[in-house]
>>> print(open('model.cif').read())   # mmCIF, C-alpha atoms
data_structure
#
loop_
_atom_site.group_PDB
_atom_site.id
_atom_site.type_symbol
_atom_site.label_atom_id
_atom_site.label_comp_id
_atom_site.auth_asym_id
_atom_site.auth_seq_id
_atom_site.Cartn_x
_atom_site.Cartn_y
_atom_site.Cartn_z
ATOM 1 C CA MET A 1 32.556 -5.676 11.630
ATOM 2 C CA GLN A 2 31.751 -3.566 8.563
ATOM 3 C CA VAL A 3 28.489 -3.440 6.629
ATOM 4 C CA ASP A 4 27.012 -1.130 4.035
ATOM 5 C CA VAL A 5 23.832 -0.489 6.012
ATOM 6 C CA LEU A 6 22.956 -1.083 9.656
ATOM 7 C CA ILE A 7 19.263 -1.056 10.583
ATOM 8 C CA ILE A 8 18.394 -0.549 14.243
ATOM 9 C CA GLY A 9 14.861 -1.639 15.102
ATOM 10 C CA GLY A 10 13.150 -4.991 14.610
ATOM 11 C CA GLY A 11 9.639 -3.995 13.596
ATOM 12 C CA ILE A 12 8.082 -4.495 10.195
ATOM 13 C CA ALA A 13 9.658 -1.280 8.861
ATOM 14 C CA GLY A 14 13.165 -2.532 9.617
ATOM 15 C CA LEU A 15 12.521 -6.094 8.494
ATOM 16 C CA TRP A 16 10.929 -5.016 5.212
ATOM 17 C CA LEU A 17 13.806 -2.622 4.526
ATOM 18 C CA LEU A 18 16.325 -5.371 5.280
ATOM 19 C CA ALA A 19 14.634 -7.704 2.802
ATOM 20 C CA GLU A 20 14.605 -4.995 0.138
ATOM 21 C CA LEU A 21 18.285 -4.195 0.638
ATOM 22 C CA ARG A 22 19.387 -7.815 0.588
ATOM 23 C CA ALA A 23 17.477 -8.360 -2.657
ATOM 24 C CA GLN A 24 19.547 -5.547 -4.148
ATOM 25 C CA GLY A 25 22.809 -7.131 -3.025
ATOM 26 C CA VAL A 26 23.448 -4.673 -0.203
ATOM 27 C CA ASN A 27 25.471 -5.929 2.759
ATOM 28 C CA ALA A 28 22.941 -5.047 5.483
ATOM 29 C CA LEU A 29 22.508 -6.035 9.122
ATOM 30 C CA LEU A 30 19.598 -5.496 11.527
ATOM 31 C CA ALA A 31 20.105 -5.118 15.275
ATOM 32 C CA THR A 32 17.274 -5.364 17.806
ATOM 33 C CA ASP A 33 16.325 -6.916 21.124
ATOM 34 C CA GLU A 34 12.995 -8.377 19.999
ATOM 35 C CA LEU A 35 11.208 -8.647 16.694
ATOM 36 C CA GLY A 36 7.953 -6.742 16.286
ATOM 37 C CA LYS A 37 7.430 -5.792 19.925
ATOM 38 C CA GLY A 38 6.100 -2.278 19.325
ATOM 39 C CA GLN A 39 3.806 -0.845 16.675
ATOM 40 C CA THR A 40 4.068 -4.016 14.589
ATOM 41 C CA ILE A 41 2.182 -5.974 17.242
ATOM 42 C CA ALA A 42 -0.042 -3.028 18.209
ATOM 43 C CA SER A 43 -1.258 -2.671 14.615
ATOM 44 C CA GLN A 44 -2.892 -6.113 14.921
ATOM 45 C CA GLY A 45 -1.819 -7.014 11.383
ATOM 46 C CA ILE A 46 -4.151 -4.506 9.746
ATOM 47 C CA ILE A 47 -2.820 -3.240 6.408
ATOM 48 C CA HIS A 48 -4.187 0.293 6.340
ATOM 49 C CA GLY A 49 -4.821 1.867 2.972
ATOM 50 C CA GLY A 50 -5.659 5.304 4.283
ATOM 51 C CA THR A 51 -9.447 5.028 4.246
ATOM 52 C CA LYS A 52 -9.805 5.957 7.899
ATOM 53 C CA TYR A 53 -8.028 9.237 7.215
ATOM 54 C CA ALA A 54 -10.698 10.131 4.659
ATOM 55 C CA LEU A 55 -13.667 9.797 6.998
ATOM 56 C CA THR A 56 -13.897 13.582 7.185
ATOM 57 C CA GLY A 57 -15.133 13.542 3.597
ATOM 58 C CA LYS A 58 -11.828 14.615 2.067
ATOM 59 C CA VAL A 59 -8.933 12.697 0.529
ATOM 60 C CA THR A 60 -6.102 13.896 2.749
ATOM 61 C CA GLY A 61 -2.354 13.751 2.280
ATOM 62 C CA ALA A 62 -2.200 10.842 4.735
ATOM 63 C CA THR A 63 -4.779 8.962 2.665
ATOM 64 C CA LEU A 64 -2.755 9.407 -0.515
ATOM 65 C CA ALA A 65 0.563 8.628 1.169
ATOM 66 C CA ILE A 66 -0.425 5.125 2.193
ATOM 67 C CA GLY A 67 -3.107 4.391 -0.372
ATOM 68 C CA ASP A 68 -0.927 1.915 -2.243
ATOM 69 C CA MET A 69 -0.050 -0.177 0.802
ATOM 70 C CA PRO A 70 -2.686 -2.933 0.284
ATOM 71 C CA ARG A 71 -1.466 -3.462 -3.292
ATOM 72 C CA LEU A 72 2.182 -3.667 -2.191
ATOM 73 C CA TRP A 73 1.352 -6.133 0.568
ATOM 74 C CA ARG A 74 -0.784 -8.294 -1.694
ATOM 75 C CA ALA A 75 2.113 -8.467 -4.147
ATOM 76 C CA ALA A 76 4.389 -9.647 -1.334
ATOM 77 C CA LEU A 77 1.792 -12.194 -0.198
ATOM 78 C CA ASN A 78 1.823 -13.553 -3.765
ATOM 79 C CA GLY A 79 5.623 -13.792 -3.741
ATOM 80 C CA GLU A 80 6.073 -10.944 -6.206
ATOM 81 C CA GLY A 81 9.029 -8.671 -5.569
ATOM 82 C CA ALA A 82 11.854 -8.535 -3.051
ATOM 83 C CA VAL A 83 9.716 -9.387 -0.010
ATOM 84 C CA ASP A 84 8.247 -12.885 -0.185
ATOM 85 C CA LEU A 85 5.375 -13.376 2.252
ATOM 86 C CA ARG A 86 3.718 -16.410 0.688
ATOM 87 C CA GLN A 87 4.041 -18.314 3.967
ATOM 88 C CA VAL A 88 2.260 -15.654 6.019
ATOM 89 C CA LYS A 89 -1.221 -16.469 7.306
ATOM 90 C CA VAL A 90 -3.942 -14.073 6.147
ATOM 91 C CA LEU A 91 -6.694 -13.689 8.740
ATOM 92 C CA ALA A 92 -9.030 -11.677 6.521
ATOM 93 C CA GLU A 93 -8.881 -10.518 2.917
ATOM 94 C CA SER A 94 -10.779 -7.315 3.738
ATOM 95 C CA GLN A 95 -12.371 -5.337 6.545
ATOM 96 C CA LEU A 96 -15.859 -3.981 7.110
ATOM 97 C CA LEU A 97 -16.660 -0.374 7.900
ATOM 98 C CA TRP A 98 -20.103 0.388 9.255
ATOM 99 C CA THR A 99 -21.772 3.775 9.471
ATOM 100 C CA SER A 100 -24.593 5.040 11.636
ATOM 101 C CA GLY A 101 -28.025 5.842 10.315
ATOM 102 C CA GLY A 102 -27.287 9.521 10.698
ATOM 103 C CA LEU A 103 -24.597 9.579 8.011
ATOM 104 C CA GLY A 104 -25.202 12.585 5.798
ATOM 105 C CA SER A 105 -25.738 12.440 2.061
ATOM 106 C CA ARG A 106 -22.446 14.240 1.502
ATOM 107 C CA MET A 107 -20.482 11.446 3.179
ATOM 108 C CA THR A 108 -22.554 8.769 1.443
ATOM 109 C CA GLY A 109 -21.749 10.381 -1.896
ATOM 110 C CA PHE A 110 -18.088 10.679 -0.974
ATOM 111 C CA PHE A 111 -17.856 6.972 -0.152
ATOM 112 C CA ALA A 112 -19.306 6.217 -3.600
ATOM 113 C CA SER A 113 -17.026 8.694 -5.376
ATOM 114 C CA LYS A 114 -14.336 7.738 -7.862
ATOM 115 C CA ALA A 115 -11.659 8.729 -5.357
ATOM 116 C CA MET A 116 -12.816 6.010 -2.953
ATOM 117 C CA GLN A 117 -14.072 3.290 -5.318
ATOM 118 C CA SER A 118 -10.681 1.583 -5.461
ATOM 119 C CA ARG A 119 -10.515 1.487 -1.647
ATOM 120 C CA MET A 120 -14.013 0.455 -0.616
ATOM 121 C CA GLU A 121 -17.333 -0.815 -1.905
ATOM 122 C CA ALA A 122 -20.829 -0.860 -0.485
ATOM 123 C CA VAL A 123 -21.976 -4.275 0.760
ATOM 124 C CA PRO A 124 -25.424 -5.278 -0.583
ATOM 125 C CA ARG A 125 -27.942 -5.628 2.224
ATOM 126 C CA ASP A 126 -28.642 -9.246 1.347
ATOM 127 C CA ALA A 127 -24.945 -9.940 1.962
ATOM 128 C CA TYR A 128 -24.816 -8.335 5.427
ATOM 129 C CA PRO A 129 -23.421 -10.528 8.232
ATOM 130 C CA ASP A 130 -26.065 -11.530 10.784
ATOM 131 C CA LEU A 131 -24.830 -8.897 13.233
ATOM 132 C CA PHE A 132 -25.913 -6.100 10.883
ATOM 133 C CA ARG A 133 -29.275 -7.588 9.940
ATOM 134 C CA HIS A 134 -30.812 -6.412 13.190
ATOM 135 C CA SER A 135 -33.991 -4.404 12.710
ATOM 136 C CA GLU A 136 -32.554 -1.469 14.638
ATOM 137 C CA PHE A 137 -29.477 -1.107 12.430
ATOM 138 C CA HIS A 138 -30.167 1.608 9.875
ATOM 139 C CA GLY A 139 -26.632 2.423 8.820
ATOM 140 C CA GLY A 140 -24.512 1.325 5.877
ATOM 141 C CA LEU A 141 -21.812 -1.305 5.463
ATOM 142 C CA TYR A 142 -18.694 -1.025 3.319
ATOM 143 C CA ARG A 143 -15.958 -3.496 2.469
ATOM 144 C CA LEU A 144 -12.430 -2.043 2.638
ATOM 145 C CA ASP A 145 -9.633 -3.399 0.472
ATOM 146 C CA GLU A 146 -7.396 -3.734 3.523
ATOM 147 C CA PRO A 147 -6.324 -7.276 4.506
ATOM 148 C CA VAL A 148 -5.473 -8.414 8.020
ATOM 149 C CA LEU A 149 -2.418 -10.598 8.613
ATOM 150 C CA ASP A 150 -1.408 -12.903 11.430
ATOM 151 C CA VAL A 151 1.498 -10.958 12.950
ATOM 152 C CA PRO A 152 3.285 -13.948 14.592
ATOM 153 C CA SER A 153 3.381 -15.799 11.267
ATOM 154 C CA LEU A 154 4.618 -12.640 9.526
ATOM 155 C CA LEU A 155 7.479 -12.220 11.997
ATOM 156 C CA ALA A 156 8.336 -15.930 11.872
ATOM 157 C CA THR A 157 8.472 -15.853 8.065
ATOM 158 C CA LEU A 158 10.781 -12.844 7.932
ATOM 159 C CA ARG A 159 12.948 -14.144 10.774
ATOM 160 C CA GLU A 160 13.514 -17.387 8.898
ATOM 161 C CA GLN A 161 14.305 -15.622 5.626
ATOM 162 C CA LEU A 162 16.617 -13.017 7.161
ATOM 163 C CA ALA A 163 18.193 -15.013 9.999
ATOM 164 C CA ASP A 164 21.787 -14.576 8.802
ATOM 165 C CA ALA A 165 21.411 -10.780 8.845
ATOM 166 C CA LEU A 166 19.805 -10.428 12.296
ATOM 167 C CA VAL A 167 21.644 -9.854 15.547
ATOM 168 C CA GLN A 168 20.027 -9.778 18.978
ATOM 169 C CA VAL A 169 21.368 -7.047 21.250
ATOM 170 C CA ASP A 170 20.783 -5.583 24.672
ATOM 171 C CA VAL A 171 19.331 -2.245 23.553
ATOM 172 C CA GLN A 172 19.712 -0.689 27.011
ATOM 173 C CA ARG A 173 23.476 -1.102 26.923
ATOM 174 C CA SER A 174 24.078 -0.743 23.186
ATOM 175 C CA GLY A 175 24.416 2.624 21.493
ATOM 176 C CA LEU A 176 25.727 4.836 18.717
ATOM 177 C CA GLN A 177 29.222 6.228 18.730
ATOM 178 C CA GLN A 178 30.870 8.757 16.466
ATOM 179 C CA MET A 179 34.243 7.925 14.954
ATOM 180 C CA GLY A 180 35.585 10.929 13.066
ATOM 181 C CA ASP A 181 33.173 11.668 10.248
ATOM 182 C CA ALA A 182 31.520 8.262 10.509
ATOM 183 C CA TYR A 183 29.280 6.471 12.984
ATOM 184 C CA CYS A 184 29.429 3.035 14.515
ATOM 185 C CA TYR A 185 27.170 0.980 16.720
ATOM 186 C CA ARG A 186 28.429 -0.654 19.887
ATOM 187 C CA ALA A 187 26.236 -3.729 20.153
ATOM 188 C CA VAL A 188 26.152 -5.494 23.510
ATOM 189 C CA LEU A 189 25.056 -9.083 23.010
ATOM 190 C CA PRO A 190 22.792 -10.968 25.467
ATOM 191 C CA ASP A 191 25.792 -12.928 26.813
ATOM 192 C CA GLY A 192 27.655 -9.705 27.594
ATOM 193 C CA GLY A 193 29.948 -9.828 24.578
ATOM 194 C CA GLU A 194 30.388 -6.801 22.366
ATOM 195 C CA LEU A 195 30.315 -6.260 18.623
ATOM 196 C CA MET A 196 31.408 -2.984 17.020
ATOM 197 C CA VAL A 197 29.534 -2.422 13.778
ATOM 198 C CA GLU A 198 30.793 0.163 11.292
ATOM 199 C CA ALA A 199 28.314 1.072 8.582
ATOM 200 C CA GLY A 200 28.178 3.442 5.652
ATOM 201 C CA GLN A 201 24.596 4.252 6.642
ATOM 202 C CA ILE A 202 22.724 3.677 9.881
ATOM 203 C CA ILE A 203 18.931 3.694 9.608
ATOM 204 C CA LEU A 204 16.797 3.883 12.730
ATOM 205 C CA THR A 205 13.427 2.150 12.506
ATOM 206 C CA ALA A 206 12.887 1.604 16.220
ATOM 207 C CA GLY A 207 9.884 3.893 16.487
ATOM 208 C CA ALA A 208 9.641 5.146 20.049
ATOM 209 C CA GLY A 209 13.143 3.819 20.696
ATOM 210 C CA ASN A 210 14.743 6.201 18.210
ATOM 211 C CA GLU A 211 14.528 9.218 20.488
ATOM 212 C CA ALA A 212 16.282 7.545 23.407
ATOM 213 C CA LEU A 213 18.927 6.087 21.111
ATOM 214 C CA LEU A 214 19.716 9.471 19.596
ATOM 215 C CA ALA A 215 19.629 11.258 22.941
ATOM 216 C CA SER A 216 22.158 8.840 24.398
ATOM 217 C CA ALA A 217 24.559 9.709 21.592
ATOM 218 C CA THR A 218 23.698 13.444 21.451
ATOM 219 C CA LEU A 219 23.149 13.133 17.711
ATOM 220 C CA SER A 220 19.549 14.276 17.428
ATOM 221 C CA GLN A 221 20.443 17.530 15.674
ATOM 222 C CA GLN A 222 22.285 15.687 12.922
ATOM 223 C CA VAL A 223 19.509 13.367 11.839
ATOM 224 C CA VAL A 224 17.540 13.975 8.661
ATOM 225 C CA PRO A 225 14.317 11.934 8.150
ATOM 226 C CA PHE A 226 15.223 9.872 5.121
ATOM 227 C CA PRO A 227 12.111 10.147 2.901
ATOM 228 C CA GLU A 228 12.430 13.945 2.607
ATOM 229 C CA ARG A 229 16.199 13.828 2.322
ATOM 230 C CA SER A 230 16.204 11.100 -0.298
ATOM 231 C CA ARG A 231 13.870 13.020 -2.592
ATOM 232 C CA ARG A 232 15.905 16.201 -2.351
ATOM 233 C CA ASP A 233 19.260 14.498 -2.749
ATOM 234 C CA GLN A 234 18.087 11.957 -5.320
ATOM 235 C CA GLY A 235 18.622 8.907 -3.187
ATOM 236 C CA ARG A 236 21.752 9.929 -1.272
ATOM 237 C CA LEU A 237 21.216 9.460 2.447
ATOM 238 C CA HIS A 238 22.849 11.145 5.406
ATOM 239 C CA PRO A 239 25.140 8.588 7.128
ATOM 240 C CA LEU A 240 22.708 8.516 10.056
ATOM 241 C CA CYS A 241 19.058 8.446 9.016
ATOM 242 C CA SER A 242 15.833 8.092 10.944
ATOM 243 C CA ALA A 243 12.975 6.131 9.390
ATOM 244 C CA VAL A 244 9.737 7.992 9.911
ATOM 245 C CA ARG A 245 7.201 5.924 7.954
ATOM 246 C CA CYS A 246 6.143 2.467 8.982
ATOM 247 C CA LYS A 247 5.571 -0.187 6.335
ATOM 248 C CA TRP A 248 2.180 -1.062 7.839
ATOM 249 C CA TYR A 249 1.034 2.302 6.556
ATOM 250 C CA TRP A 250 2.859 2.758 3.487
ATOM 251 C CA CYS A 251 9.501 1.545 3.664
ATOM 252 C CA ALA A 252 22.418 -10.860 -1.663
ATOM 253 C CA ALA A 253 25.680 -10.441 -0.171
ATOM 254 C CA THR A 254 25.541 -10.632 3.605
ATOM 255 C CA CYS A 255 28.304 -10.530 6.146
ATOM 256 C CA ARG A 256 29.563 -14.045 6.750
ATOM 257 C CA CYS A 257 31.975 -13.375 9.597
ATOM 258 C CA PHE A 258 29.173 -13.310 12.165
ATOM 259 C CA THR A 259 26.577 -15.919 13.033
ATOM 260 C CA PRO A 260 23.449 -14.107 14.219
ATOM 261 C CA MET A 261 21.420 -15.498 17.069
ATOM 262 C CA ARG A 262 18.042 -16.990 16.385
ATOM 263 C CA TRP A 263 15.333 -16.156 18.814
ATOM 264 C CA GLY A 264 11.568 -16.330 19.088
#
>>> encode(input="model.cif", output="structure tokens")
Amino acid sequence: MQVDVLIIGGGIAGLWLLAELRAQGVNALLATDELGKGQTIASQGIIHGGTKYALTGKVTGATLAIGDMPRLWRAALNGEGAVDLRQVKVLAESQLLWTSGGLGSRMTGFFASKAMQSRMEAVPRDAYPDLFRHSEFHGGLYRLDEPVLDVPSLLATLREQLADALVQVDVQRSGLQQMGDAYCYRAVLPDGGELMVEAGQIILTAGAGNEALLASATLSQQVVPFPERSRRDQGRLHPLCSAVRCKWYWCAATCRCFTPMRWG
């Protein structure tokens, strides 16, 4: 089986990338054992915009790197762009950040600065939830522009949309193989069958699973994290790339000769 791009890893990073590629007409396939079993579930559906990385009183590189994530996710939730998440359940439109009474004036001023105004706003005291109206609470309350999504509904929505480009594999028995100057993926299916996938590019989005996958194929020295490589080479990726940034913090022709399995 030949595809343009093979994505290994079924978290939100891989699923979002798959949706983006398919919208561009790329023949892409995603292989995984389960959808969203790692950091996607552990993140609890929180769309971080980098505010927590600025609690030192400085706008850090991490804050800037993922500052646009809430806007990108809201666009998807409105059905704007390649990823359509209109069917996803939103648990909360924003989050609350509370501070202790000992917060210094420097931090208070920083929270009110222009750099943070687009990310958070002070909640008026008459709008405090009952929990924070206690007489012994002397801190402040801020509303963060960071929504919280229902992860099961997110995964179900993407699984339904991308079903014909998903394949369930036994990750313990599947692995990468080198064929000349190219790479392929030997996918062992749950029923014991095998599928050899040849791809122009293989992108690993399996998070903690990437290291074991690369070690099993002794390819770790040949991998270039794709964000840095893509900027330097103007979009050209190494045939085997490792995804290092998750979409929670931030990234039409499909193969018809294979019927992917649907699973929950």
>>> closest_residue(input="model.cif", among="A:Leu97, A:Leu30, A:Ala65, A:Leu15", to="Glu146 in chain A", atoms="all atoms listed in the file")
A:Leu97
>>> residues_near_point(input="model.cif", point="(20.5, -1.0, 13.8)", cutoff="7 Å", atoms="only C-alpha atoms", output="list in words")
Leu6, Ile7, Ile8, Gly9, Leu30, Ala31, Thr32, Ile202, Ile203 and Leu204 of chain A
>>> resolve_selection(input="model.cif", expression="the PyMOL selection byres ((chain A and resi 70) around 9)", output="ChimeraX atom specification")
/A:47-49,66-69,71-75,145-147,249-250
>>> resolve_selection(input="model.cif", expression="the PyMOL selection byres ((chain A and resi 155) around 9)", output="list in words")
Gly11, Ile12, Leu15, Leu35, Gly36, Val88, Asp150, Val151, Pro152, Ser153, Leu154, Ala156, Thr157, Leu158, Arg159 and Glu160 of chain A
>>> resolve_selection(input="model.cif", expression="the PyMOL selection byres ((chain A and resi 124-133) around 12)", output="list in words")
Leu96, Leu97, Trp98, Thr99, Ser100, Glu121, Ala122, Val123, His134, Ser135, Glu136, Phe137, His138, Gly139, Gly140, Leu141, Tyr142 and Arg143 of chain A
>>> atom_distance(input="model.cif", atom1="CA of Ala187 in chain A", atom2="CA of Glu211 in chain A")
17.5 Å
>>> atom_distance(input="model.cif", atom1="CA of Val26 in chain A", atom2="CA of Val5 in chain A")
7.5 Å
>>> axis_aligned_box(input="model.cif", around="range 122-137 of chain A", padding_each_side="4 Å", output="lines of an AutoDock Vina configuration file")
center_x = -27.4
center_y = -6.2
center_z = 7.0
size_x = 21.2
size_y = 18.7
size_z = 23.2
>>> closest_residue(input="model.cif", among="A:Val167, A:Leu144, A:Leu91, A:Leu176", to="Leu29 in chain A", atoms="all atoms listed in the file")
A:Val167
>>> closest_residue(input="model.cif", among="A:Leu166, A:Gly14, A:Leu149, A:Leu21", to="Arg86 in chain A", atoms="only C-alpha atoms")
A:Leu149
>>> atom_distance(input="model.cif", atom1="CA of Gly200 in chain A", atom2="CA of Tyr183 in chain A")
8.0 Å
>>> residues_around(input="model.cif", residues="Glu34 in chain A", least_positions_apart="3", cutoff="8 Å", atoms="all atoms listed in the file", output="MDAnalysis selection string")
chainID A and resid 10 37 168
>>> closest_residue(input="model.cif", among="A:Val171, A:Val3, A:Leu162, A:Ile46", to="Leu189 in chain A", atoms="all atoms listed in the file")
A:Val171
>>> residues_around(input="model.cif", residues="Arg186 in chain A", least_positions_apart="3", cutoff="12 Å", atoms="only C-alpha atoms", output="list in words")
Met1, Leu6, Ile8, Ala31, Val169, Asp170, Val171, Gln172, Arg173, Ser174, Gly175, Leu176, Gln177, Gln178, Met179, Tyr183, Leu189, Gly192, Gly193, Glu194, Leu195, Met196, Val197, Glu198, Ala199, Leu213 and Ala217 of chain A
>>> write_last_selection(input="model.cif", atoms="C-alpha atoms", output="PDB file, in the frame of the given file")
ATOM      1  CA  MET A   1      32.556  -5.676  11.630  1.00  0.00           C
ATOM      2  CA  LEU A   6      22.956  -1.083   9.656  1.00  0.00           C
ATOM      3  CA  ILE A   8      18.394  -0.549  14.243  1.00  0.00           C
ATOM      4  CA  ALA A  31      20.105  -5.118  15.275  1.00  0.00           C
ATOM      5  CA  VAL A 169      21.368  -7.047  21.250  1.00  0.00           C
ATOM      6  CA  ASP A 170      20.783  -5.583  24.672  1.00  0.00           C
ATOM      7  CA  VAL A 171      19.331  -2.245  23.553  1.00  0.00           C
ATOM      8  CA  GLN A 172      19.712  -0.689  27.011  1.00  0.00           C
ATOM      9  CA  ARG A 173      23.476  -1.102  26.923  1.00  0.00           C
ATOM     10  CA  SER A 174      24.078  -0.743  23.186  1.00  0.00           C
ATOM     11  CA  GLY A 175      24.416   2.624  21.493  1.00  0.00           C
ATOM     12  CA  LEU A 176      25.727   4.836  18.717  1.00  0.00           C
ATOM     13  CA  GLN A 177      29.222   6.228  18.730  1.00  0.00           C
ATOM     14  CA  GLN A 178      30.870   8.757  16.466  1.00  0.00           C
ATOM     15  CA  MET A 179      34.243   7.925  14.954  1.00  0.00           C
ATOM     16  CA  TYR A 183      29.280   6.471  12.984  1.00  0.00           C
ATOM     17  CA  LEU A 189      25.056  -9.083  23.010  1.00  0.00           C
ATOM     18  CA  GLY A 192      27.655  -9.705  27.594  1.00  0.00           C
ATOM     19  CA  GLY A 193      29.948  -9.828  24.578  1.00  0.00           C
ATOM     20  CA  GLU A 194      30.388  -6.801  22.366  1.00  0.00           C
ATOM     21  CA  LEU A 195      30.315  -6.260  18.623  1.00  0.00           C
ATOM     22  CA  MET A 196      31.408  -2.984  17.020  1.00  0.00           C
ATOM     23  CA  VAL A 197      29.534  -2.422  13.778  1.00  0.00           C
ATOM     24  CA  GLU A 198      30.793   0.163  11.292  1.00  0.00           C
ATOM     25  CA  ALA A 199      28.314   1.072   8.582  1.00  0.00           C
ATOM     26  CA  LEU A 213      18.927   6.087  21.111  1.00  0.00           C
ATOM     27  CA  ALA A 217      24.559   9.709  21.592  1.00  0.00           C
TER      28      ALA A 217
END
>>> build_atoms(input="model.cif", residues="range 161-177 of chain A", atoms="N, CA, C and O atoms", output="PDB file, in the coordinates of the input")
ATOM      1  N   GLN A 161      13.680 -16.057   6.876  1.00  0.00           N
ATOM      2  CA  GLN A 161      14.305 -15.622   5.626  1.00  0.00           C
ATOM      3  C   GLN A 161      15.549 -14.773   5.858  1.00  0.00           C
ATOM      4  O   GLN A 161      16.493 -14.817   5.064  1.00  0.00           O
ATOM      5  N   LEU A 162      15.562 -14.011   6.944  1.00  0.00           N
ATOM      6  CA  LEU A 162      16.617 -13.017   7.161  1.00  0.00           C
ATOM      7  C   LEU A 162      17.551 -13.383   8.311  1.00  0.00           C
ATOM      8  O   LEU A 162      18.339 -12.544   8.746  1.00  0.00           O
ATOM      9  N   ALA A 163      17.496 -14.615   8.777  1.00  0.00           N
ATOM     10  CA  ALA A 163      18.193 -15.013   9.999  1.00  0.00           C
ATOM     11  C   ALA A 163      19.681 -14.674   9.991  1.00  0.00           C
ATOM     12  O   ALA A 163      20.241 -14.270  11.013  1.00  0.00           O
ATOM     13  N   ASP A 164      20.337 -14.812   8.836  1.00  0.00           N
ATOM     14  CA  ASP A 164      21.787 -14.576   8.802  1.00  0.00           C
ATOM     15  C   ASP A 164      22.144 -13.090   8.770  1.00  0.00           C
ATOM     16  O   ASP A 164      23.328 -12.738   8.729  1.00  0.00           O
ATOM     17  N   ALA A 165      21.147 -12.217   8.820  1.00  0.00           N
ATOM     18  CA  ALA A 165      21.411 -10.780   8.845  1.00  0.00           C
ATOM     19  C   ALA A 165      20.773 -10.117  10.064  1.00  0.00           C
ATOM     20  O   ALA A 165      20.604  -8.909  10.102  1.00  0.00           O
ATOM     21  N   LEU A 166      20.415 -10.938  11.064  1.00  0.00           N
ATOM     22  CA  LEU A 166      19.805 -10.428  12.296  1.00  0.00           C
ATOM     23  C   LEU A 166      20.746 -10.654  13.461  1.00  0.00           C
ATOM     24  O   LEU A 166      21.372 -11.715  13.561  1.00  0.00           O
ATOM     25  N   VAL A 167      20.843  -9.682  14.341  1.00  0.00           N
ATOM     26  CA  VAL A 167      21.644  -9.854  15.547  1.00  0.00           C
ATOM     27  C   VAL A 167      20.847  -9.343  16.732  1.00  0.00           C
ATOM     28  O   VAL A 167      20.278  -8.243  16.693  1.00  0.00           O
ATOM     29  N   GLN A 168      20.747 -10.167  17.770  1.00  0.00           N
ATOM     30  CA  GLN A 168      20.027  -9.778  18.978  1.00  0.00           C
ATOM     31  C   GLN A 168      20.973  -9.030  19.904  1.00  0.00           C
ATOM     32  O   GLN A 168      22.087  -9.492  20.168  1.00  0.00           O
ATOM     33  N   VAL A 169      20.529  -7.879  20.396  1.00  0.00           N
ATOM     34  CA  VAL A 169      21.368  -7.047  21.250  1.00  0.00           C
ATOM     35  C   VAL A 169      20.609  -6.626  22.493  1.00  0.00           C
ATOM     36  O   VAL A 169      19.376  -6.683  22.547  1.00  0.00           O
ATOM     37  N   ASP A 170      21.362  -6.203  23.481  1.00  0.00           N
ATOM     38  CA  ASP A 170      20.783  -5.583  24.672  1.00  0.00           C
ATOM     39  C   ASP A 170      20.670  -4.088  24.359  1.00  0.00           C
ATOM     40  O   ASP A 170      21.668  -3.364  24.411  1.00  0.00           O
ATOM     41  N   VAL A 171      19.480  -3.623  24.017  1.00  0.00           N
ATOM     42  CA  VAL A 171      19.331  -2.245  23.553  1.00  0.00           C
ATOM     43  C   VAL A 171      19.609  -1.231  24.652  1.00  0.00           C
ATOM     44  O   VAL A 171      19.954  -0.072  24.369  1.00  0.00           O
ATOM     45  N   GLN A 172      19.460  -1.621  25.919  1.00  0.00           N
ATOM     46  CA  GLN A 172      19.712  -0.689  27.011  1.00  0.00           C
ATOM     47  C   GLN A 172      21.193  -0.374  27.156  1.00  0.00           C
ATOM     48  O   GLN A 172      21.551   0.724  27.591  1.00  0.00           O
ATOM     49  N   ARG A 173      22.029  -1.314  26.778  1.00  0.00           N
ATOM     50  CA  ARG A 173      23.476  -1.102  26.923  1.00  0.00           C
ATOM     51  C   ARG A 173      24.177  -0.836  25.597  1.00  0.00           C
ATOM     52  O   ARG A 173      25.356  -0.468  25.586  1.00  0.00           O
ATOM     53  N   SER A 174      23.491  -1.002  24.500  1.00  0.00           N
ATOM     54  CA  SER A 174      24.078  -0.743  23.186  1.00  0.00           C
ATOM     55  C   SER A 174      23.840   0.721  22.820  1.00  0.00           C
ATOM     56  O   SER A 174      22.965   1.383  23.382  1.00  0.00           O
ATOM     57  N   GLY A 175      24.615   1.234  21.872  1.00  0.00           N
ATOM     58  CA  GLY A 175      24.416   2.624  21.493  1.00  0.00           C
ATOM     59  C   GLY A 175      25.274   3.050  20.328  1.00  0.00           C
ATOM     60  O   GLY A 175      26.176   2.329  19.873  1.00  0.00           O
ATOM     61  N   LEU A 176      24.999   4.251  19.837  1.00  0.00           N
ATOM     62  CA  LEU A 176      25.727   4.836  18.717  1.00  0.00           C
ATOM     63  C   LEU A 176      26.966   5.564  19.214  1.00  0.00           C
ATOM     64  O   LEU A 176      26.954   6.176  20.286  1.00  0.00           O
ATOM     65  N   GLN A 177      27.998   5.505  18.425  1.00  0.00           N
ATOM     66  CA  GLN A 177      29.222   6.228  18.730  1.00  0.00           C
ATOM     67  C   GLN A 177      29.734   6.879  17.461  1.00  0.00           C
ATOM     68  O   GLN A 177      29.597   6.331  16.374  1.00  0.00           O
TER      69      GLN A 177
END
